[in-house]
Number of protein chains: 2
Amino acid sequence: MNNEREKEIFLEHLRKRGRRVTAERLAVCEEIFRQHGHVDADDLLAAMQRRGVKISRATVYRNLDLLVECDLVRKYRLGRDRYLYEHLHPGQRHDHLVCRECGRVVEFVSPGIRALQREICKAHGFDPSEQTLQISGCCRACKRDPDERPAAEAVPATA
Amino acid sequence: MNNEREKEIFLEHLRKRGRRVTAERLAVCEEIFRQHGHVDADDLLAAMQRRGVKISRATVYRNLDLLVECDLVRKYRLGRDRYLYEHLHPGQRHDHLVCRECGRVVEFVSPGIRALQREICKAHGFDPSEQTLQISGCCRACKRDPDERPAAEAVPATA
DNA sequence: ACGGTATTGAGATTGCGTCTCAATAAGCCA
DNA sequence: TGGCTTATTGAGACGCAATCTCAATACCGT
């Protein structure tokens, strides 16, 4: 993983807009790159503090938004709650199945759906910047054992 | 529009679960059916109060959720903000293009995407209850005249 | 190294959605 | 129909994520 390449994208984005490169910005950038799957802002803050980084909650929010601007991070709401942030590898867009019972999240990629989305945008003269497809329902495990929920805040099984 | 048919679905849903039929429930049901496009809970409350209905905010929320349960109303977040509620005509599922500039919302239907979604669910043994596809970006009008935004909180152009 | 100015931090603030609990009323039954 | 049980309502409190405020800090062009 050459995070260097992506960090450079971030720095470039900052410079291009005359924004400053600060220790906090680099720290947020590095931390979100270290994370796998979906994290919320407080998770990230906690992780950074555990690592000894001194940074405030507001700054984490602010700088995550900067990373979203340059497409290195995706920001969305999965279930219904808070925002989740996810490190976005260039050219690896995916969508989500979310189980309402156990919270498990499964990622999937569908080139077919992607293509149809592009068609729809073209038909409407619409210039897409972000596309979110999210299917919530009941996963295989929960259908089988409606009670025995696999560890509530679940594994982001990348199936 | 025979809202009668749909109102009956609601009443049936209530009875089936031993829940009571109240004036407030009927009022929320009728009001959301009267609305076109997407409204949030407070819009709906205001509309009802304007109409002389006496009802509390909490009750609006509670009863909207009841309507969501029986698939007469869809509840989701469009941009990033609050929940939006939308009267759902049976068998007319659609998805949304949302313009980040002017807020305009365009609905579209894609049977092809629907079919692919079903396939994906099947492949994962996933039992879907709600599917949301949302594409945000820049609409034709805003691309043409980046400044002249058509009436901020926009028309739900059903194209 | 200096100075102008963007950025940060700590805590206050906002605002949606939910919860609380006493008062009310729906609906079953005699 | 009237009485009784219990779900539902209303008013306001509450929780909580995200944003905002503004003085202190530190980035970066000169």
# chains A, B, ... in the order shown; residues from 1 in each chain; ligands from 1
>>> residues_around(residues="C:DG11", least_positions_apart="6", cutoff="12 Å", atoms="only C-alpha atoms (C1' of nucleotides)", output="PyMOL selection string")
(chain A and resi 56-58) or (chain D and resi 20-22)
>>> interface_residues(of="chain A", to="chain D", cutoff="8 Å", atoms="only C-alpha atoms (C1' of nucleotides)", output="PyMOL selection string")
chain A and resi 20-22+82
>>> interface_residues(of="chain C", to="chain A", cutoff="10 Å", atoms="only C-alpha atoms (C1' of nucleotides)", output="PyMOL selection string")
chain C and resi 6-10
>>> interface_residues(of="chain B", to="chain A", cutoff="12 Å", atoms="only C-alpha atoms", output="JSON list (two decimals) with N, CA and C atoms, in the first residue's frame")
[["chain", "number", "residue", "atom", "x", "y", "z"],
["B", 75, "LYS", "N", -38.83, 6.27, 4.39],
["B", 75, "LYS", "CA", -38.09, 7.17, 5.28],
["B", 75, "LYS", "C", -36.62, 7.06, 4.98],
["B", 76, "TYR", "N", -35.98, 8.19, 4.68],
["B", 76, "TYR", "CA", -34.56, 8.11, 4.38],
["B", 76, "TYR", "C", -33.94, 9.49, 4.51],
["B", 77, "ARG", "N", -32.65, 9.52, 4.36],
["B", 77, "ARG", "CA", -31.95, 10.78, 4.36],
["B", 77, "ARG", "C", -31.49, 11.06, 2.95],
["B", 78, "LEU", "N", -31.83, 12.18, 2.42],
["B", 78, "LEU", "CA", -31.40, 12.47, 1.06],
["B", 78, "LEU", "C", -30.01, 13.02, 1.05],
["B", 79, "GLY", "N", -29.87, 14.31, 1.30],
["B", 79, "GLY", "CA", -28.53, 14.87, 1.30],
["B", 79, "GLY", "C", -27.79, 14.23, 2.45],
["B", 80, "ARG", "N", -27.80, 14.92, 3.56],
["B", 80, "ARG", "CA", -27.08, 14.38, 4.69],
["B", 80, "ARG", "C", -27.86, 14.68, 5.96],
["B", 81, "ASP", "N", -28.90, 15.45, 5.79],
["B", 81, "ASP", "CA", -29.54, 16.06, 6.94],
["B", 81, "ASP", "C", -30.55, 15.18, 7.64],
["B", 82, "ARG", "N", -31.69, 15.74, 7.77],
["B", 82, "ARG", "CA", -32.74, 15.11, 8.55],
["B", 82, "ARG", "C", -33.45, 14.03, 7.74],
["B", 83, "TYR", "N", -34.31, 13.29, 8.38],
["B", 83, "TYR", "CA", -35.09, 12.28, 7.69],
["B", 83, "TYR", "C", -36.09, 12.95, 6.76],
["B", 95, "ASP", "N", -35.70, 5.69, -7.42],
["B", 95, "ASP", "CA", -34.49, 6.18, -6.78],
["B", 95, "ASP", "C", -34.29, 7.65, -7.09],
["B", 96, "HIS", "N", -33.21, 8.22, -6.58],
["B", 96, "HIS", "CA", -33.08, 9.68, -6.65],
["B", 96, "HIS", "C", -31.75, 10.18, -7.19],
["B", 97, "LEU", "N", -31.85, 11.22, -8.00],
["B", 97, "LEU", "CA", -30.70, 12.05, -8.35],
["B", 97, "LEU", "C", -30.85, 13.34, -7.55],
["B", 98, "VAL", "N", -29.83, 13.70, -6.81],
["B", 98, "VAL", "CA", -29.92, 14.91, -6.01],
["B", 98, "VAL", "C", -28.84, 15.90, -6.44],
["B", 99, "CYS", "N", -29.25, 17.10, -6.81],
["B", 99, "CYS", "CA", -28.27, 18.11, -7.21],
["B", 99, "CYS", "C", -27.74, 18.83, -5.99],
["B", 100, "ARG", "N", -26.41, 18.83, -5.87],
["B", 100, "ARG", "CA", -25.79, 19.45, -4.71],
["B", 100, "ARG", "C", -25.82, 20.97, -4.79],
["B", 101, "GLU", "N", -25.99, 21.48, -5.99],
["B", 101, "GLU", "CA", -25.99, 22.93, -6.16],
["B", 101, "GLU", "C", -27.34, 23.52, -5.77],
["B", 104, "ARG", "N", -32.28, 20.34, -6.26],
["B", 104, "ARG", "CA", -33.30, 19.69, -7.06],
["B", 104, "ARG", "C", -33.20, 18.17, -6.94],
["B", 105, "VAL", "N", -34.34, 17.52, -6.90],
["B", 105, "VAL", "CA", -34.37, 16.06, -6.80],
["B", 105, "VAL", "C", -35.10, 15.49, -8.00],
["B", 106, "VAL", "N", -34.46, 14.59, -8.70],
["B", 106, "VAL", "CA", -35.09, 13.93, -9.83],
["B", 106, "VAL", "C", -35.27, 12.46, -9.50],
["B", 107, "GLU", "N", -36.47, 11.98, -9.74],
["B", 107, "GLU", "CA", -36.71, 10.56, -9.48],
["B", 107, "GLU", "C", -36.50, 9.77, -10.76],
["B", 108, "PHE", "N", -36.04, 8.55, -10.59],
["B", 108, "PHE", "CA", -35.91, 7.68, -11.76],
["B", 108, "PHE", "C", -36.18, 6.24, -11.37],
["B", 109, "VAL", "N", -36.53, 5.47, -12.38],
["B", 109, "VAL", "CA", -36.79, 4.05, -12.16],
["B", 109, "VAL", "C", -35.91, 3.27, -13.10],
["B", 110, "SER", "N", -35.24, 2.26, -12.59],
["B", 110, "SER", "CA", -34.41, 1.43, -13.44],
["B", 110, "SER", "C", -34.63, -0.05, -13.14],
["B", 111, "PRO", "N", -35.46, -0.67, -13.94],
["B", 111, "PRO", "CA", -35.75, -2.10, -13.72],
["B", 111, "PRO", "C", -34.47, -2.92, -13.79],
["B", 112, "GLY", "N", -33.55, -2.51, -14.65],
["B", 112, "GLY", "CA", -32.29, -3.23, -14.76],
["B", 112, "GLY", "C", -31.53, -3.24, -13.45],
["B", 113, "ILE", "N", -31.43, -2.08, -12.84],
["B", 113, "ILE", "CA", -30.72, -2.01, -11.56],
["B", 113, "ILE", "C", -31.45, -2.84, -10.51],
["B", 114, "ARG", "N", -32.77, -2.72, -10.50],
["B", 114, "ARG", "CA", -33.57, -3.53, -9.56],
["B", 114, "ARG", "C", -33.22, -5.00, -9.66],
["B", 115, "ALA", "N", -33.18, -5.45, -10.91],
["B", 115, "ALA", "CA", -32.93, -6.88, -11.13],
["B", 115, "ALA", "C", -31.55, -7.27, -10.61],
["B", 116, "LEU", "N", -30.58, -6.43, -10.88],
["B", 116, "LEU", "CA", -29.22, -6.73, -10.42],
["B", 116, "LEU", "C", -29.16, -6.72, -8.89],
["B", 117, "GLN", "N", -29.91, -5.83, -8.29],
["B", 117, "GLN", "CA", -29.93, -5.80, -6.83],
["B", 117, "GLN", "C", -30.49, -7.10, -6.28],
["B", 118, "ARG", "N", -31.54, -7.57, -6.91],
["B", 118, "ARG", "CA", -32.13, -8.84, -6.46],
["B", 118, "ARG", "C", -31.11, -9.97, -6.55],
["B", 119, "GLU", "N", -30.38, -9.96, -7.66],
["B", 119, "GLU", "CA", -29.37, -10.99, -7.85],
["B", 119, "GLU", "C", -28.32, -10.97, -6.75],
["B", 120, "ILE", "N", -27.86, -9.77, -6.45],
["B", 120, "ILE", "CA", -26.83, -9.62, -5.42],
["B", 120, "ILE", "C", -27.33, -10.13, -4.07],
["B", 121, "CYS", "N", -28.56, -9.78, -3.75],
["B", 121, "CYS", "CA", -29.13, -10.24, -2.49],
["B", 121, "CYS", "C", -29.19, -11.76, -2.46],
["B", 122, "LYS", "N", -29.62, -12.32, -3.56],
["B", 122, "LYS", "CA", -29.73, -13.77, -3.62],
["B", 122, "LYS", "C", -28.36, -14.41, -3.41],
["B", 123, "ALA", "N", -27.39, -13.86, -4.08],
["B", 123, "ALA", "CA", -26.03, -14.40, -3.99],
["B", 123, "ALA", "C", -25.50, -14.37, -2.56],
["B", 124, "HIS", "N", -25.95, -13.41, -1.79],
["B", 124, "HIS", "CA", -25.44, -13.28, -0.42],
["B", 124, "HIS", "C", -26.41, -13.84, 0.62],
["B", 125, "GLY", "N", -27.47, -14.47, 0.15],
["B", 125, "GLY", "CA", -28.47, -14.99, 1.10],
["B", 125, "GLY", "C", -29.04, -13.88, 1.96],
["B", 126, "PHE", "N", -29.22, -12.74, 1.32],
["B", 126, "PHE", "CA", -29.62, -11.56, 2.05],
["B", 126, "PHE", "C", -31.07, -11.24, 1.73],
["B", 127, "ASP", "N", -31.84, -10.96, 2.77],
["B", 127, "ASP", "CA", -33.27, -10.72, 2.61],
["B", 127, "ASP", "C", -33.53, -9.21, 2.73],
["B", 128, "PRO", "N", -33.67, -8.53, 1.61],
["B", 128, "PRO", "CA", -33.70, -7.07, 1.63],
["B", 128, "PRO", "C", -35.04, -6.53, 2.12],
["B", 129, "SER", "N", -34.98, -5.47, 2.92],
["B", 129, "SER", "CA", -36.23, -4.85, 3.31],
["B", 129, "SER", "C", -36.31, -3.43, 2.74],
["B", 130, "GLU", "N", -35.17, -2.87, 2.46],
["B", 130, "GLU", "CA", -35.18, -1.50, 1.95],
["B", 130, "GLU", "C", -33.95, -1.28, 1.10],
["B", 131, "GLN", "N", -34.13, -0.67, -0.05],
["B", 131, "GLN", "CA", -33.01, -0.45, -0.93],
["B", 131, "GLN", "C", -32.98, 1.01, -1.32],
["B", 132, "THR", "N", -31.83, 1.60, -1.16],
["B", 132, "THR", "CA", -31.71, 3.02, -1.46],
["B", 132, "THR", "C", -30.55, 3.25, -2.40],
["B", 133, "LEU", "N", -30.86, 3.81, -3.54],
["B", 133, "LEU", "CA", -29.82, 4.21, -4.46],
["B", 133, "LEU", "C", -29.92, 5.70, -4.65],
["B", 134, "GLN", "N", -28.84, 6.38, -4.42],
["B", 134, "GLN", "CA", -28.89, 7.82, -4.44],
["B", 134, "GLN", "C", -27.64, 8.34, -5.14],
["B", 135, "ILE", "N", -27.86, 9.15, -6.12],
["B", 135, "ILE", "CA", -26.73, 9.72, -6.85],
["B", 135, "ILE", "C", -26.75, 11.22, -6.65],
["B", 136, "SER", "N", -25.70, 11.74, -6.06],
["B", 136, "SER", "CA", -25.67, 13.19, -5.93],
["B", 136, "SER", "C", -24.60, 13.76, -6.84],
["B", 137, "GLY", "N", -24.83, 14.97, -7.28],
["B", 137, "GLY", "CA", -23.90, 15.59, -8.21],
["B", 137, "GLY", "C", -24.43, 16.92, -8.67],
["B", 138, "CYS", "N", -24.24, 17.20, -9.94],
["B", 138, "CYS", "CA", -24.60, 18.51, -10.47],
["B", 138, "CYS", "C", -25.55, 18.33, -11.65],
["B", 139, "CYS", "N", -26.71, 18.96, -11.56],
["B", 139, "CYS", "CA", -27.73, 18.75, -12.59],
["B", 139, "CYS", "C", -27.46, 19.60, -13.84],
["B", 140, "ARG", "N", -28.18, 19.31, -14.88],
["B", 140, "ARG", "CA", -27.97, 19.96, -16.17],
["B", 140, "ARG", "C", -28.06, 21.48, -16.04],
["B", 141, "ALA", "N", -29.11, 21.92, -15.37],
["B", 141, "ALA", "CA", -29.32, 23.36, -15.24],
["B", 141, "ALA", "C", -28.15, 24.04, -14.54],
["B", 142, "CYS", "N", -27.64, 23.42, -13.49],
["B", 142, "CYS", "CA", -26.55, 24.04, -12.75],
["B", 142, "CYS", "C", -25.23, 23.98, -13.49],
["B", 143, "LYS", "N", -25.10, 22.99, -14.36],
["B", 143, "LYS", "CA", -23.88, 22.93, -15.16],
["B", 143, "LYS", "C", -23.89, 24.08, -16.15],
["B", 144, "ARG", "N", -25.05, 24.36, -16.71],
["B", 144, "ARG", "CA", -25.17, 25.42, -17.71],
["B", 144, "ARG", "C", -24.93, 26.78, -17.07],
["B", 157, "ALA", "N", -38.89, 17.58, -9.61],
["B", 157, "ALA", "CA", -39.18, 17.28, -11.00],
["B", 157, "ALA", "C", -39.19, 15.78, -11.26],
["B", 158, "THR", "N", -40.35, 15.24, -11.52],
["B", 158, "THR", "CA", -40.47, 13.80, -11.74],
["B", 158, "THR", "C", -40.24, 13.48, -13.20],
["B", 159, "ALA", "N", -38.97, 13.48, -13.58],
["B", 159, "ALA", "CA", -38.64, 13.27, -14.99],
["B", 159, "ALA", "C", -38.43, 11.81, -15.27]]
>>> select_by_dssp(residues="stretch 3-85 of chain A", states="strand (DSSP E)", output="PDB file with N, CA and C atoms, in the first residue's frame")
ATOM      1  N   HIS A  38     -15.227   0.797   8.136  1.00  0.00           N
ATOM      2  CA  HIS A  38     -15.945   2.032   8.404  1.00  0.00           C
ATOM      3  C   HIS A  38     -15.705   2.479   9.833  1.00  0.00           C
ATOM      4  N   VAL A  39     -15.349   3.716   9.994  1.00  0.00           N
ATOM      5  CA  VAL A  39     -15.179   4.259  11.334  1.00  0.00           C
ATOM      6  C   VAL A  39     -15.941   5.569  11.437  1.00  0.00           C
ATOM      7  N   VAL A  73     -11.687   9.835   0.902  1.00  0.00           N
ATOM      8  CA  VAL A  73     -12.518   9.276   1.956  1.00  0.00           C
ATOM      9  C   VAL A  73     -13.969   9.425   1.563  1.00  0.00           C
ATOM     10  N   ARG A  74     -14.773   8.442   1.911  1.00  0.00           N
ATOM     11  CA  ARG A  74     -16.201   8.541   1.666  1.00  0.00           C
ATOM     12  C   ARG A  74     -16.904   8.749   2.989  1.00  0.00           C
ATOM     13  N   LYS A  75     -17.942   9.547   2.975  1.00  0.00           N
ATOM     14  CA  LYS A  75     -18.683   9.889   4.183  1.00  0.00           C
ATOM     15  C   LYS A  75     -20.149   9.584   3.949  1.00  0.00           C
ATOM     16  N   TYR A  76     -20.747   8.784   4.816  1.00  0.00           N
ATOM     17  CA  TYR A  76     -22.156   8.483   4.616  1.00  0.00           C
ATOM     18  C   TYR A  76     -22.760   7.947   5.895  1.00  0.00           C
ATOM     19  N   ARG A  77     -24.033   7.758   5.852  1.00  0.00           N
ATOM     20  CA  ARG A  77     -24.717   7.153   6.990  1.00  0.00           C
ATOM     21  C   ARG A  77     -25.107   5.754   6.599  1.00  0.00           C
ATOM     22  N   TYR A  83     -22.459   9.663  11.056  1.00  0.00           N
ATOM     23  CA  TYR A  83     -21.688   9.527   9.838  1.00  0.00           C
ATOM     24  C   TYR A  83     -20.611   8.472   9.999  1.00  0.00           C
ATOM     25  N   LEU A  84     -20.387   7.740   8.937  1.00  0.00           N
ATOM     26  CA  LEU A  84     -19.255   6.835   8.909  1.00  0.00           C
ATOM     27  C   LEU A  84     -18.291   7.319   7.839  1.00  0.00           C
ATOM     28  N   TYR A  85     -17.016   7.107   8.101  1.00  0.00           N
ATOM     29  CA  TYR A  85     -15.983   7.500   7.141  1.00  0.00           C
ATOM     30  C   TYR A  85     -15.230   6.241   6.738  1.00  0.00           C
TER      31      TYR A  85
END
>>> select_by_dssp(residues="chain A", states="helix (DSSP H, G or I)", output="number ranges by chain")
A: 3-16, 23-34, 41-50, 57-69, 111-123, 140-144
>>> calpha_fit_and_write(fixed="chain B", moving="chain A", output="short mmCIF file (atom, residue, chain, number, x, y, z; two decimals) with C-alpha atoms, in the first residue's frame")
data_model
loop_
_atom_site.label_atom_id
_atom_site.label_comp_id
_atom_site.auth_asym_id
_atom_site.auth_seq_id
_atom_site.Cartn_x
_atom_site.Cartn_y
_atom_site.Cartn_z
CA MET A 1 -56.24 7.91 -6.36
CA ASN A 2 -57.96 5.51 -4.09
CA ASN A 3 -56.27 6.41 -0.88
CA GLU A 4 -59.01 4.38 0.70
CA ARG A 5 -57.28 1.21 -0.35
CA GLU A 6 -54.05 2.34 1.24
CA LYS A 7 -55.70 3.66 4.34
CA GLU A 8 -57.20 0.23 4.73
CA ILE A 9 -53.73 -1.30 4.58
CA PHE A 10 -52.73 0.98 7.41
CA LEU A 11 -55.74 0.13 9.54
CA GLU A 12 -55.19 -3.54 8.90
CA HIS A 13 -51.58 -3.17 9.97
CA LEU A 14 -52.67 -1.54 13.19
CA ARG A 15 -55.31 -4.10 14.03
CA LYS A 16 -53.03 -7.00 13.27
CA ARG A 17 -50.66 -5.75 15.94
CA GLY A 18 -53.29 -4.81 18.45
CA ARG A 19 -52.57 -1.13 18.08
CA ARG A 20 -55.28 1.44 18.37
CA VAL A 21 -56.85 3.52 15.65
CA THR A 22 -56.69 7.11 16.76
CA ALA A 23 -57.71 10.39 15.20
CA GLU A 24 -54.04 11.43 15.14
CA ARG A 25 -53.00 8.32 13.24
CA LEU A 26 -55.62 8.83 10.63
CA ALA A 27 -54.70 12.48 10.33
CA VAL A 28 -51.01 11.73 9.72
CA CYS A 29 -51.95 9.06 7.24
CA GLU A 30 -54.22 11.37 5.31
CA GLU A 31 -51.76 14.22 5.33
CA ILE A 32 -48.81 12.25 3.99
CA PHE A 33 -51.07 10.91 1.25
CA ARG A 34 -52.01 14.44 0.32
CA GLN A 35 -48.38 15.49 -0.01
CA HIS A 36 -46.48 15.02 -3.21
CA GLY A 37 -42.75 14.50 -3.19
CA HIS A 38 -40.58 14.58 -0.11
CA VAL A 39 -41.49 16.24 3.13
CA ASP A 40 -39.86 16.28 6.50
CA ALA A 41 -41.70 15.78 9.75
CA ASP A 42 -41.95 19.48 10.51
CA ASP A 43 -43.32 20.29 7.07
CA LEU A 44 -45.98 17.75 7.70
CA LEU A 45 -46.72 19.06 11.16
CA ALA A 46 -47.02 22.59 9.83
CA ALA A 47 -49.32 21.46 7.03
CA MET A 48 -51.57 19.68 9.48
CA GLN A 49 -51.71 22.62 11.84
CA ARG A 50 -52.55 24.92 8.94
CA ARG A 51 -55.41 22.59 8.23
CA GLY A 52 -56.59 22.95 11.80
CA VAL A 53 -55.47 19.55 13.06
CA LYS A 54 -54.21 19.60 16.62
CA ILE A 55 -51.30 17.22 16.97
CA SER A 56 -47.85 17.22 18.51
CA ARG A 57 -44.49 16.85 16.88
CA ALA A 58 -43.67 13.65 18.75
CA THR A 59 -46.86 12.06 17.55
CA VAL A 60 -46.14 12.95 13.97
CA TYR A 61 -42.78 11.22 14.24
CA ARG A 62 -44.25 8.21 15.97
CA ASN A 63 -47.01 7.69 13.48
CA LEU A 64 -44.86 8.26 10.44
CA ASP A 65 -42.76 5.37 11.64
CA LEU A 66 -45.88 3.26 11.76
CA LEU A 67 -46.58 4.09 8.15
CA VAL A 68 -43.04 3.20 7.26
CA GLU A 69 -43.51 -0.19 8.90
CA CYS A 70 -46.29 -1.11 6.52
CA ASP A 71 -44.46 0.21 3.45
CA LEU A 72 -46.83 3.03 2.72
CA VAL A 73 -44.17 5.61 3.41
CA ARG A 74 -40.45 5.67 2.79
CA LYS A 75 -38.08 7.34 5.22
CA TYR A 76 -34.56 8.35 4.31
CA ARG A 77 -32.00 11.07 4.27
CA LEU A 78 -31.49 12.73 0.94
CA GLY A 79 -28.72 15.24 1.19
CA ARG A 80 -27.27 14.91 4.62
CA ASP A 81 -29.75 16.54 6.82
CA ARG A 82 -32.97 15.49 8.34
CA TYR A 83 -35.18 12.59 7.51
CA LEU A 84 -37.48 12.93 4.57
CA TYR A 85 -40.74 11.05 4.24
CA GLU A 86 -42.37 10.18 1.00
CA HIS A 87 -45.69 8.63 0.15
CA LEU A 88 -44.88 5.35 -1.53
CA HIS A 89 -47.32 4.13 -4.14
CA PRO A 90 -47.32 0.35 -4.14
CA GLY A 91 -45.25 -1.01 -7.01
CA GLN A 92 -43.74 2.34 -7.90
CA ARG A 93 -40.31 2.21 -6.31
CA HIS A 94 -37.93 4.82 -7.60
CA ASP A 95 -34.51 6.21 -6.84
CA HIS A 96 -33.07 9.70 -6.67
CA LEU A 97 -30.62 12.04 -8.31
CA VAL A 98 -29.82 14.89 -5.92
CA CYS A 99 -28.10 18.06 -7.06
CA ARG A 100 -25.63 19.33 -4.50
CA GLU A 101 -25.75 22.84 -5.88
CA CYS A 102 -29.44 23.63 -6.03
CA GLY A 103 -30.96 20.78 -4.06
CA ARG A 104 -33.11 19.72 -6.96
CA VAL A 105 -34.25 16.11 -6.78
CA VAL A 106 -34.96 14.01 -9.82
CA GLU A 107 -36.65 10.66 -9.53
CA PHE A 108 -35.86 7.81 -11.83
CA VAL A 109 -36.77 4.19 -12.27
CA SER A 110 -34.39 1.56 -13.60
CA PRO A 111 -35.80 -1.92 -13.97
CA GLY A 112 -32.32 -3.10 -14.96
CA ILE A 113 -30.80 -1.96 -11.72
CA ARG A 114 -33.71 -3.45 -9.79
CA ALA A 115 -33.10 -6.80 -11.41
CA LEU A 116 -29.39 -6.73 -10.62
CA GLN A 117 -30.16 -5.83 -7.04
CA ARG A 118 -32.43 -8.83 -6.75
CA GLU A 119 -29.67 -11.02 -8.12
CA ILE A 120 -27.17 -9.73 -5.62
CA CYS A 121 -29.54 -10.34 -2.75
CA LYS A 122 -30.19 -13.86 -3.94
CA ALA A 123 -26.48 -14.54 -4.25
CA HIS A 124 -25.93 -13.48 -0.65
CA GLY A 125 -29.01 -15.14 0.79
CA PHE A 126 -30.12 -11.70 1.77
CA ASP A 127 -33.75 -10.80 2.28
CA PRO A 128 -34.09 -7.13 1.36
CA SER A 129 -36.59 -4.88 3.04
CA GLU A 130 -35.45 -1.51 1.77
CA GLN A 131 -33.24 -0.49 -1.09
CA THR A 132 -31.88 2.96 -1.56
CA LEU A 133 -29.91 4.16 -4.52
CA GLN A 134 -28.93 7.76 -4.43
CA ILE A 135 -26.70 9.64 -6.78
CA SER A 136 -25.59 13.09 -5.80
CA GLY A 137 -23.76 15.48 -8.01
CA CYS A 138 -24.36 18.44 -10.24
CA CYS A 139 -27.45 18.77 -12.38
CA ARG A 140 -27.64 20.04 -15.95
CA ALA A 141 -28.93 23.46 -14.99
CA CYS A 142 -26.19 24.07 -12.44
CA LYS A 143 -23.50 22.95 -14.83
CA ARG A 144 -24.72 25.51 -17.34
CA ASP A 145 -25.14 28.39 -14.93
CA PRO A 146 -23.02 27.62 -11.89
CA ASP A 147 -24.42 30.69 -10.18
CA GLU A 148 -28.01 31.08 -11.24
CA ARG A 149 -29.38 28.38 -9.00
CA PRO A 150 -33.01 27.60 -9.64
CA ALA A 151 -34.91 28.45 -6.45
CA ALA A 152 -32.83 26.80 -3.72
CA GLU A 153 -35.25 24.31 -2.11
CA ALA A 154 -36.26 22.91 -5.36
CA VAL A 155 -38.99 21.38 -7.41
CA PRO A 156 -39.10 17.58 -7.31
CA ALA A 157 -39.02 17.37 -11.08
CA THR A 158 -40.37 13.93 -11.81
CA ALA A 159 -38.49 13.36 -15.05
#
>>> decode(residues="stretch 91-105 of chain A", atoms="C-alpha atoms", output="CSV table (one decimal), in the first residue's frame")
chain,number,residue,atom,x,y,z
A,91,GLY,CA,-10.9,2.9,-8.5
A,92,GLN,CA,-12.4,0.5,-5.9
A,93,ARG,CA,-15.9,1.9,-5.4
A,94,HIS,CA,-18.2,-0.5,-3.7
A,95,ASP,CA,-21.7,-0.6,-2.2
A,96,HIS,CA,-23.1,-2.0,1.0
A,97,LEU,CA,-25.5,-4.6,2.3
A,98,VAL,CA,-26.4,-3.8,5.9
A,99,CYS,CA,-28.1,-6.2,8.2
A,100,ARG,CA,-30.7,-4.6,10.4
A,101,GLU,CA,-30.5,-7.4,13.0
A,102,CYS,CA,-26.8,-7.7,13.7
A,103,GLY,CA,-25.4,-4.6,12.0
A,104,ARG,CA,-23.1,-6.7,9.9
A,105,VAL,CA,-22.0,-4.9,6.7
